[in-house]
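For reference, the structure is listed below as structure tokens.
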Amino acid sequence: MFTRKQTLKLEEEFEVDIQNLYEQFCDFQKYGAHHPVMKTVKIVEDKRPHYVEYEIDEEVLLFGLIRMRPNYKAKVIELEKHKKLRYTSQVKSYVFLIIDFHFSENNGKTKMVEHIEVNTNLLVAIVFLDILKKAHLKVYQNIKNHFNCPGRINN
């Protein structure tokens, strides 16, 4: 099928200092603890400072009916400590994912901007990005709850 790039941008502000927030995203095991569909996250290869590769087991309901249990590997790459992170993953043979996170701090609050890029066919991209958006908004809320932060999700 025809493969093309589809993108999604999410933004959120947290009442957490940049180092503590960044750590929740940089350590994929911590990130996975906040993620509603990630069931297990384990380190496969630690090549710091270049990357850390993880193996992830998920459980997700497709269209609220079809239970899927994807298993895949993802690399976490620190592009700029406490400022920029990248996740890359060949989620399926026909789905390649790149997620870039940008962090900035102002007056004790940290703004995080997430750029998601998926390379696959259009139909799969639409479904995949919808699942990702819902899951990641829940991650933000779970992180806020973890730090007892007030506020709502902005997206």
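Each chain of the structure tokens is named A, B, ... in the order shown, its residues numbered from 1; ligands are numbered from 1 in display order.
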Counting only C-alpha atoms, what is within 8 Å of Lys84 in chain A, bar same-chain residues fewer than 2 positions away, as an MDAnalysis selection string? chainID A and resid 78:82 86 100:103
Just write the chosen residues, N, CA and C atoms, as a PDB file, in the first residue's frame.
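Output saved as result-v4.pdb:
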```pdb
ATOM      1  N   GLU A  78      18.395  10.916  23.541  1.00  0.00           N
ATOM      2  CA  GLU A  78      18.480  12.269  24.107  1.00  0.00           C
ATOM      3  C   GLU A  78      19.182  13.155  23.082  1.00  0.00           C
ATOM      4  N   LEU A  79      18.444  14.076  22.497  1.00  0.00           N
ATOM      5  CA  LEU A  79      19.033  14.997  21.521  1.00  0.00           C
ATOM      6  C   LEU A  79      19.700  16.172  22.215  1.00  0.00           C
ATOM      7  N   GLU A  80      19.083  16.641  23.303  1.00  0.00           N
ATOM      8  CA  GLU A  80      19.637  17.720  24.114  1.00  0.00           C
ATOM      9  C   GLU A  80      19.087  17.556  25.526  1.00  0.00           C
ATOM     10  N   LYS A  81      19.963  17.242  26.469  1.00  0.00           N
ATOM     11  CA  LYS A  81      19.547  16.908  27.833  1.00  0.00           C
ATOM     12  C   LYS A  81      18.624  17.974  28.409  1.00  0.00           C
ATOM     13  N   HIS A  82      17.510  17.511  28.975  1.00  0.00           N
ATOM     14  CA  HIS A  82      16.467  18.337  29.588  1.00  0.00           C
ATOM     15  C   HIS A  82      15.761  19.265  28.603  1.00  0.00           C
ATOM     16  N   ARG A  86      13.879  12.068  21.493  1.00  0.00           N
ATOM     17  CA  ARG A  86      13.252  11.439  20.326  1.00  0.00           C
ATOM     18  C   ARG A  86      13.003   9.974  20.635  1.00  0.00           C
ATOM     19  N   ASP A 100       9.094  13.388  18.638  1.00  0.00           N
ATOM     20  CA  ASP A 100      10.037  14.355  19.188  1.00  0.00           C
ATOM     21  C   ASP A 100       9.352  15.134  20.296  1.00  0.00           C
ATOM     22  N   PHE A 101      10.037  15.241  21.427  1.00  0.00           N
ATOM     23  CA  PHE A 101       9.553  16.014  22.566  1.00  0.00           C
ATOM     24  C   PHE A 101      10.485  17.197  22.772  1.00  0.00           C
ATOM     25  N   HIS A 102       9.888  18.378  22.956  1.00  0.00           N
ATOM     26  CA  HIS A 102      10.648  19.599  23.249  1.00  0.00           C
ATOM     27  C   HIS A 102      10.139  20.140  24.577  1.00  0.00           C
ATOM     28  N   PHE A 103      11.072  20.433  25.481  1.00  0.00           N
ATOM     29  CA  PHE A 103      10.744  20.911  26.819  1.00  0.00           C
ATOM     30  C   PHE A 103      11.312  22.304  27.020  1.00  0.00           C
TER      31      PHE A 103
END
```
Do a neighbour search on range 32-38 of chain A at 8 Å with only C-alpha atoms, toss out local chain neighbours closer than 3 positions, and write the hits as a VMD selection string. chain A and resid 28 to 29 41 56 to 60 135 to 136 138 to 139 142 to 143
Output C-alpha atoms for every residue in the selection just made, as a PDB file, in the first residue's frame.
```pdb
ATOM      1  CA  PHE A  28      10.804   4.787  29.113  1.00  0.00           C
ATOM      2  CA  GLN A  29      10.010   2.499  32.037  1.00  0.00           C
ATOM      3  CA  VAL A  41       8.605  -2.032  29.290  1.00  0.00           C
ATOM      4  CA  ILE A  56       7.245  -2.862  24.909  1.00  0.00           C
ATOM      5  CA  ASP A  57       4.152  -5.008  25.341  1.00  0.00           C
ATOM      6  CA  GLU A  58       0.836  -3.214  24.956  1.00  0.00           C
ATOM      7  CA  GLU A  59      -2.818  -4.090  25.150  1.00  0.00           C
ATOM      8  CA  VAL A  60      -5.258  -1.939  23.218  1.00  0.00           C
ATOM      9  CA  ALA A 135      -3.221   7.531  25.066  1.00  0.00           C
ATOM     10  CA  HIS A 136      -0.789  10.439  25.239  1.00  0.00           C
ATOM     11  CA  LYS A 138      -3.983  10.237  29.338  1.00  0.00           C
ATOM     12  CA  VAL A 139      -0.207  10.028  29.933  1.00  0.00           C
ATOM     13  CA  ASN A 142      -1.365  10.621  34.775  1.00  0.00           C
ATOM     14  CA  ILE A 143       1.915  12.531  35.079  1.00  0.00           C
TER      15      ILE A 143
END
```
CA of Glu117 in chain A to CA of Gly64 in chain A measures 23.7 Å
For the atom pair CA of Gln141 in chain A and CA of Asp27 in chain A, what is the interatomic distance in Å to one decimal place? 17.6 Å
Residues of chain A in helix (DSSP H, G or I), written as number ranges by chain: A: 18-26, 28-34, 122-146
